[in-house]
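Data first, discussion second: the structure below is written as structure tokens.
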Amino acid sequence: MAVNESLRVLRTVHYDATHYSLFLQAGTIGPKAKPGHFAMLQAGDGLRPYLRRAFSIADVTKVAGVPRSSSS
């Protein structure tokens with residue numbers, strides 16, 4: 001099921017030069033997302049970068065009753 005929505009980046013954690021975690025406000029996909037699923041993310045509204053990038057969902061947690069997801 002394709003869903004297009006804007007998500008807010010809550011936090012970014014850099015582990016080293018090539019590994020990091022991105023914490024997002026989950027939006028409407030939060031309750032349906034499970035660890036091991038993938039999300040195709042696009043940064044910005046323009047044509048650069050042209051293709052979306054696949055991010056794996058590592059965890060989905062609720063903060064104050066609201067689902068939030070982290071991906072890596």
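Just remember, in the structure tokens the first chain shown is A, the second B, etc., residues are 1-based per chain, and ligands are 1-based in the order shown.
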
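Residues lying within 9 Å of A:Ala33, counting only C-alpha atoms and ignoring same-chain neighbours fewer than 3 positions away, are Ala26, Ile29, Gly30, Gly36, His37, Phe38, Ile57, Asp59, Val60 and Ser69 of chain A.
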
Save out the residues we just selected, N, CA and C atoms, as a compact mmCIF listing (two decimals), in the first residue's frame.
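Saved file out_4.txt follows:
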```txt
# COMPACT_ATOMS: atom_id res chain seq x y z
N ALA A 26 5.74 9.24 13.32
CA ALA A 26 5.29 8.14 12.48
C ALA A 26 4.13 8.47 11.55
N ILE A 29 1.15 5.97 9.18
CA ILE A 29 1.68 4.61 8.98
C ILE A 29 2.19 3.99 10.28
N GLY A 30 2.34 4.77 11.32
CA GLY A 30 2.89 4.30 12.59
C GLY A 30 2.23 3.04 13.14
N GLY A 36 11.45 -4.50 10.70
CA GLY A 36 11.71 -5.35 9.54
C GLY A 36 11.03 -4.85 8.28
N HIS A 37 10.01 -4.00 8.40
CA HIS A 37 9.40 -3.40 7.23
C HIS A 37 10.34 -2.34 6.67
N PHE A 38 10.08 -1.93 5.44
CA PHE A 38 10.87 -0.89 4.80
C PHE A 38 9.97 0.27 4.42
N ILE A 57 12.77 -0.25 9.03
CA ILE A 57 12.19 0.18 10.30
C ILE A 57 12.74 -0.73 11.38
N ASP A 59 12.33 -0.04 14.88
CA ASP A 59 11.51 -0.06 16.09
C ASP A 59 10.36 0.92 15.92
N VAL A 60 9.24 0.59 16.52
CA VAL A 60 8.09 1.50 16.58
C VAL A 60 7.67 1.57 18.04
N SER A 69 8.47 6.04 15.04
CA SER A 69 9.30 4.98 14.49
C SER A 69 10.74 5.43 14.38
```

Could you pull the residues within 9 Å of A:Thr12, counting only C-alpha atoms, minus those fewer than 3 positions along the same chain, as a ChimeraX atom specification?
/A:9,20-24

Atom-to-atom span, atom CA of A:His19 and atom CA of A:Phe55, Å:
12.2 Å

Any chance you could list, as JSON, numbers by chain, the residues in chain A that come up strand (DSSP E) when DSSP is run on the backbone?
{"A": [9, 10, 11, 12, 13, 14, 20, 21, 22, 23, 24, 25, 38, 39, 40, 41, 53, 54, 55, 56, 57, 58, 59, 60, 61, 62, 63, 66, 67, 68, 69, 70, 71]}

From atom CA of A:Arg48 to atom CA of A:Thr28 the spacing works out at 25.3 Å
